[in-house]
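S.K.: Here it is: the structure, laid out below.
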Amino acid sequence: MKKGVMRPGHVQLRVLDMDAAVKHYTELMGLIEMDRDQQGRVYLKAWTEVDKYSVVLRPADEPGMDFMGFKCVSEEALDALRAGLVAFGCEVQDIPAGELQDCGRRVRFVAPTGHSFELFATKQQTGKWGVNNRNPEAWPRDLSGMKATRFDHCLLYGPNLLQTYELFRDVLGFDLAEQVLTPDGTRIAQFLSVSTKAHDVAFIEHPEPNKFHHASFYLDTWNDVLRAADLISMTDTSIDIGPTRHGLTHGQTIYFFDPSGNRNEVFAGGDYHYPDHEPVTWDAGELGKAIFYHDRVLNERFLTVLT
Ligand code: FE2
């Protein structure tokens, strides 16, 4: 049941070399630099997003994800969600408006997987970049690189998937769209949607808490994924795997690394989800095909390289 969480709003990633990171996310991936702050953080957006930014890069000594934020429909909904988090037993932290540039108050909590998430309802809206809302053209002509259209989801590794699912389902209103089960029925992967997307956040069972697998960005077509692969080669960017198709969600995908070692994905297509859809289930024995539909085997790096 919907609780007022609308969509992924932002992700804050740690990067080692800010100049190299900004070049990667703007020139290669096609995000647009929108702002910087006194902490040295850089704020970026993808062109179809209406809010001012969706990716925040923070200078740090090690890579990884600081937090992922979800935008809620209203400040009233945010209050109700905050109360739900407290009732569930989460410790919540209230972060005042303005800690992130042009963003309202945020409610931060740690999921049982160890990851920090936050909810917010207000962020400056700058509108889609390069097109306006009145008789809009199809796309802006001066986009760079892969021309990523939106920040789409994160895949995160950590323990306690079941409790994390209960939190996201009962408190935040997410649905289980897709899952991987072992023969004894233990869920080792869960793809959760708060929209009609195949996933807004996904988790894979892992003993170490708070590990980051990838942040993903949407492209329009399979041909754009192929073009992204060309750009990865042209720029000697470290590639993980692809272009290929996932079994899970059936998206067309390619994985690569930013200069700090954070994994990125760009993808196109994929399934859709409504609340009356039964979860799609993959058996753990079919995990190779579930992740990489064509190769049907997992590469070791995909499973083990986390930040
Ligand atoms: Fe993904």
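Residues are referred to by chain and number: the chain letter is A, B, ... according to the order shown in the structure tokens, the number counts from 1 in that chain, and ligands are numbered separately from 1 in the order shown.
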Quick one: pick out all strand (DSSP E) residues within region 192-284 of chain A from a backbone DSSP run and write them as a ChimeraX atom specification.
M.R.: /A:192-193,201-205,211-218,239-245,252-257,263-268,280-283
S.K.: Could you build a table of the residues in chain A lying no more than 9 Å from ligand 1, giving for each the nearest pair of atoms and their separation in Å rounded to one decimal place, using only C-alpha atoms and all ligand atoms, ordered by chain and ascending residue number, as a Markdown table?
M.R.:
| residue | atom | partner | partner_atom_place_in_ligand_line | distance |
| --- | --- | --- | --- | --- |
| A:Asp152 | CA | ligand 1 | 1 (Fe) | 8.3 |
| A:His153 | CA | ligand 1 | 1 (Fe) | 6.5 |
| A:Cys154 | CA | ligand 1 | 1 (Fe) | 6.3 |
| A:Leu155 | CA | ligand 1 | 1 (Fe) | 5.9 |
| A:His199 | CA | ligand 1 | 1 (Fe) | 8.3 |
| A:Val201 | CA | ligand 1 | 1 (Fe) | 8.5 |
| A:Ala202 | CA | ligand 1 | 1 (Fe) | 7.8 |
| A:His213 | CA | ligand 1 | 1 (Fe) | 8.7 |
| A:His214 | CA | ligand 1 | 1 (Fe) | 6.6 |
| A:Ala215 | CA | ligand 1 | 1 (Fe) | 6.9 |
| A:Ser216 | CA | ligand 1 | 1 (Fe) | 5.3 |
| A:Phe217 | CA | ligand 1 | 1 (Fe) | 8.3 |
| A:Gly251 | CA | ligand 1 | 1 (Fe) | 8.5 |
| A:Thr253 | CA | ligand 1 | 1 (Fe) | 8.0 |
| A:Tyr255 | CA | ligand 1 | 1 (Fe) | 8.7 |
| A:Asn264 | CA | ligand 1 | 1 (Fe) | 8.4 |
| A:Glu265 | CA | ligand 1 | 1 (Fe) | 6.1 |
| A:Val266 | CA | ligand 1 | 1 (Fe) | 7.9 |
| A:Phe267 | CA | ligand 1 | 1 (Fe) | 7.7 |
S.K.: With N, CA and C atoms retained, could you export that selection as an mmCIF file, in the first residue's frame?
M.R.:
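Listed below is the output, out_11.cif:
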data_model
loop_
_atom_site.group_PDB
_atom_site.id
_atom_site.type_symbol
_atom_site.label_atom_id
_atom_site.label_comp_id
_atom_site.auth_asym_id
_atom_site.auth_seq_id
_atom_site.Cartn_x
_atom_site.Cartn_y
_atom_site.Cartn_z
ATOM 1 N N ASP A 152 18.136 5.920 -11.608
ATOM 2 C CA ASP A 152 17.022 4.974 -11.565
ATOM 3 C C ASP A 152 16.930 4.165 -10.280
ATOM 4 N N HIS A 153 18.035 3.568 -9.833
ATOM 5 C CA HIS A 153 17.992 2.689 -8.651
ATOM 6 C C HIS A 153 19.403 2.425 -8.157
ATOM 7 N N CYS A 154 19.508 1.832 -6.977
ATOM 8 C CA CYS A 154 20.777 1.301 -6.477
ATOM 9 C C CYS A 154 20.596 -0.179 -6.169
ATOM 10 N N LEU A 155 21.682 -0.945 -6.320
ATOM 11 C CA LEU A 155 21.724 -2.320 -5.826
ATOM 12 C C LEU A 155 22.721 -2.344 -4.670
ATOM 13 N N HIS A 199 12.318 -1.932 -10.464
ATOM 14 C CA HIS A 199 12.892 -1.781 -9.127
ATOM 15 C C HIS A 199 13.293 -0.328 -8.911
ATOM 16 N N VAL A 201 14.895 0.108 -5.672
ATOM 17 C CA VAL A 201 16.079 -0.266 -4.896
ATOM 18 C C VAL A 201 16.099 -1.793 -4.834
ATOM 19 N N ALA A 202 17.291 -2.367 -4.803
ATOM 20 C CA ALA A 202 17.407 -3.829 -4.751
ATOM 21 C C ALA A 202 18.490 -4.203 -3.755
ATOM 22 N N HIS A 213 26.828 -1.902 -4.406
ATOM 23 C CA HIS A 213 27.137 -2.611 -5.646
ATOM 24 C C HIS A 213 27.112 -1.675 -6.850
ATOM 25 N N HIS A 214 25.987 -0.996 -7.091
ATOM 26 C CA HIS A 214 25.981 -0.034 -8.191
ATOM 27 C C HIS A 214 24.854 0.987 -8.064
ATOM 28 N N ALA A 215 25.081 2.111 -8.722
ATOM 29 C CA ALA A 215 24.032 3.105 -8.966
ATOM 30 C C ALA A 215 23.736 3.057 -10.450
ATOM 31 N N SER A 216 22.442 3.074 -10.788
ATOM 32 C CA SER A 216 22.044 2.814 -12.161
ATOM 33 C C SER A 216 21.286 3.996 -12.761
ATOM 34 N N PHE A 217 21.491 4.173 -14.052
ATOM 35 C CA PHE A 217 20.910 5.304 -14.781
ATOM 36 C C PHE A 217 20.232 4.771 -16.033
ATOM 37 N N GLY A 251 16.108 -6.141 -18.102
ATOM 38 C CA GLY A 251 16.698 -4.920 -18.640
ATOM 39 C C GLY A 251 17.938 -5.210 -19.485
ATOM 40 N N THR A 253 21.666 -4.012 -20.387
ATOM 41 C CA THR A 253 22.524 -3.405 -19.378
ATOM 42 C C THR A 253 23.999 -3.383 -19.754
ATOM 43 N N TYR A 255 27.727 -2.602 -17.266
ATOM 44 C CA TYR A 255 28.321 -2.175 -15.992
ATOM 45 C C TYR A 255 29.747 -1.703 -16.203
ATOM 46 N N ASN A 264 28.959 1.637 -11.797
ATOM 47 C CA ASN A 264 27.786 2.280 -12.410
ATOM 48 C C ASN A 264 27.124 1.274 -13.345
ATOM 49 N N GLU A 265 25.831 1.457 -13.556
ATOM 50 C CA GLU A 265 25.117 0.728 -14.600
ATOM 51 C C GLU A 265 24.380 1.748 -15.446
ATOM 52 N N VAL A 266 24.320 1.522 -16.738
ATOM 53 C CA VAL A 266 23.299 2.172 -17.562
ATOM 54 C C VAL A 266 22.493 1.054 -18.200
ATOM 55 N N PHE A 267 21.193 1.279 -18.325
ATOM 56 C CA PHE A 267 20.343 0.216 -18.854
ATOM 57 C C PHE A 267 19.154 0.812 -19.582
#
S.K.: Would you kindly return, as a list of chain:residue names, each protein, DNA or RNA residue with an atom no farther than 7 Å from any atom of region 183-195 of chain A, considering only C-alpha atoms and excluding same-chain residues fewer than 3 positions away?
M.R.: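 Result of the neighbour search: A:Met6, A:Arg7, A:Gly173, A:Phe174, A:Asp175, A:Leu176, A:Ala177, A:Glu178, A:Gln179, A:Val180, A:Ala198, A:His199, A:Asp200, A:Val201, A:Ala202, A:Phe203, A:Ile204, A:Glu205.
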S.K.: So that I can check the surroundings of Ala80 (chain A), please list as a PyMOL selection string every protein, DNA and RNA residue that reaches within 12 Å of it, counting only C-alpha atoms and ignoring chain neighbours fewer than 4 positions away.
M.R.: chain A and resi 3-5+72-76+84-87+107+119-121+171-172
S.K.: Would you save the residues of that selection, restricted to C-alpha atoms, as a short mmCIF file (atom, residue, chain, number, x, y, z; two decimals), in the first residue's frame?
M.R.:
data_model
loop_
_atom_site.label_atom_id
_atom_site.label_comp_id
_atom_site.auth_asym_id
_atom_site.auth_seq_id
_atom_site.Cartn_x
_atom_site.Cartn_y
_atom_site.Cartn_z
CA LYS A 3 2.61 5.44 2.01
CA GLY A 4 3.73 8.60 0.24
CA VAL A 5 7.22 7.61 -0.89
CA CYS A 72 7.99 11.82 -0.69
CA VAL A 73 4.78 13.43 -1.90
CA SER A 74 4.45 16.05 0.87
CA GLU A 75 5.84 17.28 4.18
CA GLU A 76 2.75 15.77 5.87
CA GLY A 84 6.23 4.83 11.01
CA LEU A 85 10.00 4.45 11.07
CA VAL A 86 10.11 5.17 14.81
CA ALA A 87 7.26 2.71 15.46
CA VAL A 107 14.71 12.01 7.81
CA LEU A 119 13.31 10.62 3.09
CA PHE A 120 12.61 14.18 2.05
CA ALA A 121 9.70 16.01 0.46
CA VAL A 171 6.58 1.43 6.59
CA LEU A 172 7.60 2.83 3.21
#
S.K.: Would you pick out the contacts of region 235-243 of chain A at 10 Å or less, using only C-alpha atoms, so that residues sharing its chain but fewer than 2 positions from it are not included, and give the list as a VMD selection string?
M.R.: chain A and resid 24 28 222 225 to 233 245 to 246 252 to 259 261 263 to 267 292 295 298 to 299 301 to 302 305
S.K.: Report, in Å with one decimal, the straight-line distance from CA of Val56 (chain A) to CA of Glu118 (chain A).
M.R.: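 Taking CA of Val56 (chain A) and CA of Glu118 (chain A), their separation equals 13.8 Å.
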S.K.: Residues of region 50-117 of chain A that have any atom at most 8 Å from an atom of region 124-128 of chain A: could you tabulate them with the shortest-distance atom pair and the distance in Å to one decimal, using only C-alpha atoms, ordered by chain and increasing number, as a tab-separated table?
M.R.:
residue	atom	partner	partner_atom	distance
A:Val50	CA	A:Gly127	CA	4.0
A:Asp51	CA	A:Gln125	CA	4.2
A:Lys52	CA	A:Thr126	CA	5.1
A:Asp102	CA	A:Gln124	CA	5.5
A:Cys103	CA	A:Gln124	CA	6.4
S.K.: For the residues selected in the previous step, produce a file with C-alpha atoms as a PDB file, in the first residue's frame.
M.R.:
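Wrote part-v3.pdb, looks like this:
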ATOM      1  CA  VAL A  50      12.682  17.906 -12.598  1.00  0.00           C
ATOM      2  CA  ASP A  51      14.510  18.362  -9.284  1.00  0.00           C
ATOM      3  CA  LYS A  52      17.766  20.293  -9.154  1.00  0.00           C
ATOM      4  CA  ASP A 102      18.336  23.619  -1.870  1.00  0.00           C
ATOM      5  CA  CYS A 103      16.893  20.509  -0.187  1.00  0.00           C
TER       6      CYS A 103
END
S.K.: Using only C-alpha atoms, which of the listed residues (A:Ala83, A:Leu57, A:Met1, A:Leu306) sits closest to Lys23 (chain A)?
M.R.: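 Looking at the shortest contact to Lys23 (chain A), the residue is A:Leu57.
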S.K.: Contacts of Arg105 (chain A) at 8 Å or less, counting only C-alpha atoms, minus same-chain residues fewer than 3 places along, as a PDB file with N, CA, C and O atoms, in the first residue's frame?
M.R.:
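What landed in result_6.pdb:
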ATOM      1  N   ASP A  94      17.157  13.610  12.258  1.00  0.00           N
ATOM      2  CA  ASP A  94      16.552  14.708  11.505  1.00  0.00           C
ATOM      3  C   ASP A  94      17.658  15.631  11.007  1.00  0.00           C
ATOM      4  O   ASP A  94      18.390  16.211  11.801  1.00  0.00           O
ATOM      5  N   ILE A  95      17.741  15.741   9.718  1.00  0.00           N
ATOM      6  CA  ILE A  95      18.783  16.579   9.120  1.00  0.00           C
ATOM      7  C   ILE A  95      18.116  17.861   8.635  1.00  0.00           C
ATOM      8  O   ILE A  95      17.141  17.803   7.879  1.00  0.00           O
ATOM      9  N   PRO A  96      18.608  19.005   9.104  1.00  0.00           N
ATOM     10  CA  PRO A  96      17.901  20.251   8.795  1.00  0.00           C
ATOM     11  C   PRO A  96      17.956  20.617   7.310  1.00  0.00           C
ATOM     12  O   PRO A  96      18.872  20.202   6.588  1.00  0.00           O
ATOM     13  N   ALA A  97      16.971  21.391   6.901  1.00  0.00           N
ATOM     14  CA  ALA A  97      16.940  21.904   5.523  1.00  0.00           C
ATOM     15  C   ALA A  97      18.241  22.634   5.237  1.00  0.00           C
ATOM     16  O   ALA A  97      18.813  23.291   6.102  1.00  0.00           O
ATOM     17  N   GLY A  98      18.728  22.484   4.022  1.00  0.00           N
ATOM     18  CA  GLY A  98      19.909  23.225   3.601  1.00  0.00           C
ATOM     19  C   GLY A  98      21.217  22.481   3.798  1.00  0.00           C
ATOM     20  O   GLY A  98      22.253  22.919   3.296  1.00  0.00           O
ATOM     21  N   PHE A 120      12.793  12.728   2.074  1.00  0.00           N
ATOM     22  CA  PHE A 120      12.611  14.182   2.046  1.00  0.00           C
ATOM     23  C   PHE A 120      11.417  14.469   1.145  1.00  0.00           C
ATOM     24  O   PHE A 120      10.996  13.609   0.365  1.00  0.00           O
ATOM     25  N   ALA A 121      10.876  15.676   1.276  1.00  0.00           N
ATOM     26  CA  ALA A 121       9.699  16.011   0.465  1.00  0.00           C
ATOM     27  C   ALA A 121       9.924  17.241  -0.402  1.00  0.00           C
ATOM     28  O   ALA A 121       9.152  17.492  -1.329  1.00  0.00           O
ATOM     29  N   THR A 122      10.953  18.006  -0.094  1.00  0.00           N
ATOM     30  CA  THR A 122      11.137  19.301  -0.764  1.00  0.00           C
ATOM     31  C   THR A 122      12.553  19.407  -1.310  1.00  0.00           C
ATOM     32  O   THR A 122      13.523  19.168  -0.587  1.00  0.00           O
TER      33      THR A 122
END
S.K.: Would you list the contacts of Asp37 (chain A) as a PDB file with C-alpha atoms, in the first residue's frame, taking every protein, DNA or RNA residue within 10 Å and counting only C-alpha atoms, but skipping same-chain residues closer than 3 positions in sequence?
M.R.:
ATOM      1  CA  GLY A  40      33.465  20.282  -1.686  1.00  0.00           C
ATOM      2  CA  ARG A  41      30.468  18.247  -2.751  1.00  0.00           C
ATOM      3  CA  VAL A  42      29.362  18.400  -6.394  1.00  0.00           C
ATOM      4  CA  TYR A  43      25.678  18.155  -7.353  1.00  0.00           C
ATOM      5  CA  ARG A  58      31.545  13.812  -1.859  1.00  0.00           C
ATOM      6  CA  GLU A  99      22.453  20.589   4.680  1.00  0.00           C
ATOM      7  CA  LEU A 100      22.190  19.493   1.068  1.00  0.00           C
ATOM      8  CA  GLN A 101      21.926  22.547  -1.163  1.00  0.00           C
TER       9      GLN A 101
END
S.K.: DSSP on the backbone, then: every residue of region 16-191 of chain A marked alpha helix (DSSP H), written as a PyMOL selection string.
M.R.: chain A and resi 18-23+75-88+161-166
S.K.: Rank A:Phe109, A:Phe212, A:Phe117, A:Tyr293 by their smallest atom-to-atom distance to Tyr157 (chain A), using only C-alpha atoms, and report the top residue only.
M.R.: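 With only C-alpha atoms as the atom set, the closest residue is A:Phe212.
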S.K.: Take CA of Pro279 (chain A) and CA of Arg82 (chain A) and report the distance between them in Å, one decimal.
M.R.: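 According to the coordinates, CA of Pro279 (chain A) and CA of Arg82 (chain A) are separated by 27.2 Å.
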S.K.: What does the distance between CA of Asp61 (chain A) and CA of Asn262 (chain A) come to in Å, to one decimal place?
M.R.: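 CA of Asp61 (chain A) sits 12.8 Å away from CA of Asn262 (chain A).
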